[in-house]
Amino acid sequence: MRLGVSGLAFALVMAVGLTRYMTSMLVNTEPRDAATLSAVAMLFFAIAVRASWLPARRAAAFNTAAALRNE
C-alpha cells in the first residue's frame, strides 16, 4: 500500500505540474479541477487497495506451519 500511495502522490504532483501541457487534451474540464483530480485519485487508490488486499488475504489463509513441516 505504501508503494501505491507514494505513486499516487507523485502522479498528483506531476498532474498539477503538467497542467499547462494538458489543456489541449481536456474537454469541458478545467486543468486544475479539484473534483476531477480527487475522483481519479480515489479510483486509483481503490484499485491499489483491491490489488494488495486479495494477495494479502490469500497469504493470511495459508498455513505456514504445515508447509514448513512438509519440507
# chains A, B, ... in the order shown; residues from 1 in each chain; ligands from 1
$ residues_around --residues "range 30-41 of chain A" --least-positions-apart "6" --cutoff "8 Å" --atoms "only C-alpha atoms" --output "compact mmCIF listing (two decimals) with N, CA and C atoms, in the first residue's frame"
# COMPACT_ATOMS: atom_id res chain seq x y z
N LEU A 8 0.69 7.37 -6.15
CA LEU A 8 -0.46 8.25 -6.33
C LEU A 8 -0.11 9.69 -6.01
N LEU A 12 -0.18 12.80 -8.69
CA LEU A 12 -0.95 14.03 -8.49
C LEU A 12 -0.08 15.26 -8.61
N VAL A 16 -0.61 18.10 -11.58
CA VAL A 16 -0.78 19.53 -11.32
C VAL A 16 0.35 20.32 -12.00
N THR A 19 -0.20 20.75 -15.99
CA THR A 19 -1.49 21.24 -16.47
C THR A 19 -1.35 22.14 -17.69
N ARG A 20 -0.25 22.82 -17.80
CA ARG A 20 -0.05 23.72 -18.94
C ARG A 20 -0.04 22.90 -20.24
N MET A 22 -1.46 19.86 -20.60
CA MET A 22 -2.65 19.03 -20.73
C MET A 22 -3.89 19.80 -21.15
N THR A 23 -3.84 21.11 -21.21
CA THR A 23 -5.04 21.89 -21.51
C THR A 23 -5.62 21.56 -22.87
$ closest_atom_pairs --of "range 23-53 of chain A" --to "range 57-66 of chain A" --cutoff "12 Å" --atoms "only C-alpha atoms" --output "tab-separated table"
residue	atom	partner	partner_atom	distance
A:Val49	CA	A:Arg57	CA	11.8
A:Arg50	CA	A:Arg57	CA	10.5
A:Ala51	CA	A:Arg57	CA	10.7
A:Ser52	CA	A:Arg57	CA	8.8
A:Trp53	CA	A:Arg57	CA	6.0
$ atom_distance --atom1 "CA of Met14 in chain A" --atom2 "CA of Phe44 in chain A"
15.1 Å
$ select_by_dssp --residues "chain A" --states "alpha helix (DSSP H)" --output "MDAnalysis selection string"
chainID A and resid 2:17 19:22 34:61 64:70
$ atom_distance --atom1 "CA of Leu43 in chain A" --atom2 "CA of Ala11 in chain A"
13.0 Å
$ decode --residues "range 22-71 of chain A" --atoms "N, CA and C atoms" --output "tab-separated table (two decimals), in the first residue's frame"
chain	number	residue	atom	x	y	z
A	22	MET	N	-1.46	19.86	-20.60
A	22	MET	CA	-2.65	19.03	-20.73
A	22	MET	C	-3.89	19.80	-21.15
A	23	THR	N	-3.84	21.11	-21.21
A	23	THR	CA	-5.04	21.89	-21.51
A	23	THR	C	-5.62	21.56	-22.87
A	24	SER	N	-4.79	21.21	-23.84
A	24	SER	CA	-5.32	20.88	-25.17
A	24	SER	C	-6.03	19.52	-25.17
A	25	MET	N	-5.74	18.65	-24.21
A	25	MET	CA	-6.35	17.33	-24.17
A	25	MET	C	-7.62	17.28	-23.33
A	26	LEU	N	-7.88	18.29	-22.54
A	26	LEU	CA	-9.04	18.29	-21.64
A	26	LEU	C	-10.24	18.92	-22.32
A	27	VAL	N	-11.38	18.26	-22.21
A	27	VAL	CA	-12.61	18.76	-22.81
A	27	VAL	C	-13.62	18.97	-21.69
A	28	ASN	N	-14.17	20.17	-21.59
A	28	ASN	CA	-15.18	20.55	-20.59
A	28	ASN	C	-14.67	20.37	-19.15
A	29	THR	N	-13.39	20.50	-18.94
A	29	THR	CA	-12.81	20.36	-17.62
A	29	THR	C	-11.68	21.37	-17.46
A	30	GLU	N	-11.61	21.97	-16.31
A	30	GLU	CA	-10.50	22.87	-16.01
A	30	GLU	C	-9.24	22.06	-15.75
A	31	PRO	N	-8.07	22.59	-16.06
A	31	PRO	CA	-6.84	21.81	-15.84
A	31	PRO	C	-6.59	21.45	-14.38
A	32	ARG	N	-6.96	22.30	-13.47
A	32	ARG	CA	-6.74	22.02	-12.04
A	32	ARG	C	-8.06	21.83	-11.31
A	33	ASP	N	-8.96	21.09	-11.91
A	33	ASP	CA	-10.26	20.81	-11.32
A	33	ASP	C	-10.08	19.85	-10.15
A	34	ALA	N	-10.35	20.33	-8.96
A	34	ALA	CA	-10.13	19.53	-7.75
A	34	ALA	C	-11.03	18.31	-7.70
A	35	ALA	N	-12.25	18.43	-8.17
A	35	ALA	CA	-13.17	17.29	-8.14
A	35	ALA	C	-12.68	16.17	-9.05
A	36	THR	N	-12.22	16.53	-10.23
A	36	THR	CA	-11.73	15.51	-11.16
A	36	THR	C	-10.46	14.85	-10.64
A	37	LEU	N	-9.52	15.65	-10.15
A	37	LEU	CA	-8.28	15.09	-9.62
A	37	LEU	C	-8.54	14.18	-8.42
A	38	SER	N	-9.44	14.59	-7.54
A	38	SER	CA	-9.71	13.75	-6.37
A	38	SER	C	-10.48	12.49	-6.76
A	39	ALA	N	-11.38	12.58	-7.75
A	39	ALA	CA	-12.11	11.39	-8.18
A	39	ALA	C	-11.17	10.37	-8.81
A	40	VAL	N	-10.26	10.83	-9.63
A	40	VAL	CA	-9.30	9.92	-10.25
A	40	VAL	C	-8.36	9.34	-9.20
A	41	ALA	N	-7.94	10.17	-8.24
A	41	ALA	CA	-7.07	9.69	-7.17
A	41	ALA	C	-7.77	8.63	-6.32
A	42	MET	N	-9.04	8.83	-6.01
A	42	MET	CA	-9.78	7.84	-5.23
A	42	MET	C	-9.99	6.55	-6.03
A	43	LEU	N	-10.20	6.66	-7.34
A	43	LEU	CA	-10.34	5.47	-8.17
A	43	LEU	C	-9.05	4.66	-8.17
A	44	PHE	N	-7.91	5.32	-8.36
A	44	PHE	CA	-6.63	4.61	-8.35
A	44	PHE	C	-6.29	4.07	-6.96
A	45	PHE	N	-6.70	4.76	-5.92
A	45	PHE	CA	-6.48	4.26	-4.56
A	45	PHE	C	-7.31	3.00	-4.32
A	46	ALA	N	-8.54	2.99	-4.79
A	46	ALA	CA	-9.38	1.81	-4.65
A	46	ALA	C	-8.80	0.63	-5.42
A	47	ILE	N	-8.24	0.88	-6.59
A	47	ILE	CA	-7.60	-0.18	-7.36
A	47	ILE	C	-6.39	-0.72	-6.62
A	48	ALA	N	-5.59	0.18	-6.02
A	48	ALA	CA	-4.40	-0.26	-5.27
A	48	ALA	C	-4.79	-1.06	-4.04
A	49	VAL	N	-5.85	-0.66	-3.36
A	49	VAL	CA	-6.32	-1.41	-2.18
A	49	VAL	C	-6.77	-2.80	-2.59
A	50	ARG	N	-7.53	-2.87	-3.65
A	50	ARG	CA	-8.01	-4.19	-4.10
A	50	ARG	C	-6.86	-5.07	-4.58
A	51	ALA	N	-5.91	-4.48	-5.27
A	51	ALA	CA	-4.78	-5.26	-5.79
A	51	ALA	C	-3.88	-5.78	-4.67
A	52	SER	N	-3.81	-5.09	-3.56
A	52	SER	CA	-2.97	-5.56	-2.46
A	52	SER	C	-3.76	-6.39	-1.45
A	53	TRP	N	-5.06	-6.21	-1.39
A	53	TRP	CA	-5.88	-6.93	-0.41
A	53	TRP	C	-6.05	-8.40	-0.78
A	54	LEU	N	-6.28	-8.68	-2.05
A	54	LEU	CA	-6.52	-10.06	-2.46
A	54	LEU	C	-5.31	-10.97	-2.18
A	55	PRO	N	-4.09	-10.60	-2.58
A	55	PRO	CA	-2.95	-11.47	-2.24
A	55	PRO	C	-2.69	-11.55	-0.74
A	56	ALA	N	-2.95	-10.47	-0.01
A	56	ALA	CA	-2.73	-10.49	1.43
A	56	ALA	C	-3.73	-11.42	2.11
A	57	ARG	N	-4.95	-11.44	1.65
A	57	ARG	CA	-5.96	-12.34	2.21
A	57	ARG	C	-5.60	-13.79	1.92
A	58	ARG	N	-5.11	-14.06	0.72
A	58	ARG	CA	-4.71	-15.42	0.37
A	58	ARG	C	-3.51	-15.86	1.19
A	59	ALA	N	-2.56	-14.97	1.41
A	59	ALA	CA	-1.38	-15.31	2.21
A	59	ALA	C	-1.74	-15.51	3.68
A	60	ALA	N	-2.71	-14.76	4.18
A	60	ALA	CA	-3.11	-14.92	5.57
A	60	ALA	C	-3.82	-16.25	5.81
A	61	ALA	N	-4.47	-16.77	4.79
A	61	ALA	CA	-5.19	-18.03	4.94
A	61	ALA	C	-4.27	-19.23	4.78
A	62	PHE	N	-3.05	-19.03	4.34
A	62	PHE	CA	-2.10	-20.10	4.10
A	62	PHE	C	-1.50	-20.56	5.42
A	63	ASN	N	-1.46	-21.86	5.64
A	63	ASN	CA	-0.92	-22.42	6.86
A	63	ASN	C	0.58	-22.63	6.68
A	64	THR	N	1.37	-21.71	7.20
A	64	THR	CA	2.82	-21.78	7.01
A	64	THR	C	3.46	-22.92	7.80
A	65	ALA	N	2.92	-23.25	8.97
A	65	ALA	CA	3.49	-24.34	9.77
A	65	ALA	C	3.37	-25.68	9.05
A	66	ALA	N	2.24	-25.91	8.42
A	66	ALA	CA	2.06	-27.16	7.67
A	66	ALA	C	2.97	-27.20	6.46
A	67	ALA	N	3.17	-26.09	5.81
A	67	ALA	CA	4.05	-26.05	4.66
A	67	ALA	C	5.48	-26.29	5.06
A	68	LEU	N	5.90	-25.77	6.20
A	68	LEU	CA	7.27	-26.00	6.67
A	68	LEU	C	7.47	-27.44	7.13
A	69	ARG	N	6.45	-28.05	7.70
A	69	ARG	CA	6.55	-29.43	8.12
A	69	ARG	C	6.71	-30.36	6.94
A	70	ASN	N	6.08	-30.05	5.83
A	70	ASN	CA	6.16	-30.89	4.64
A	70	ASN	C	7.48	-30.76	3.91
A	71	GLU	N	8.23	-29.74	4.20
A	71	GLU	CA	9.51	-29.52	3.51
A	71	GLU	C	10.53	-30.45	3.99
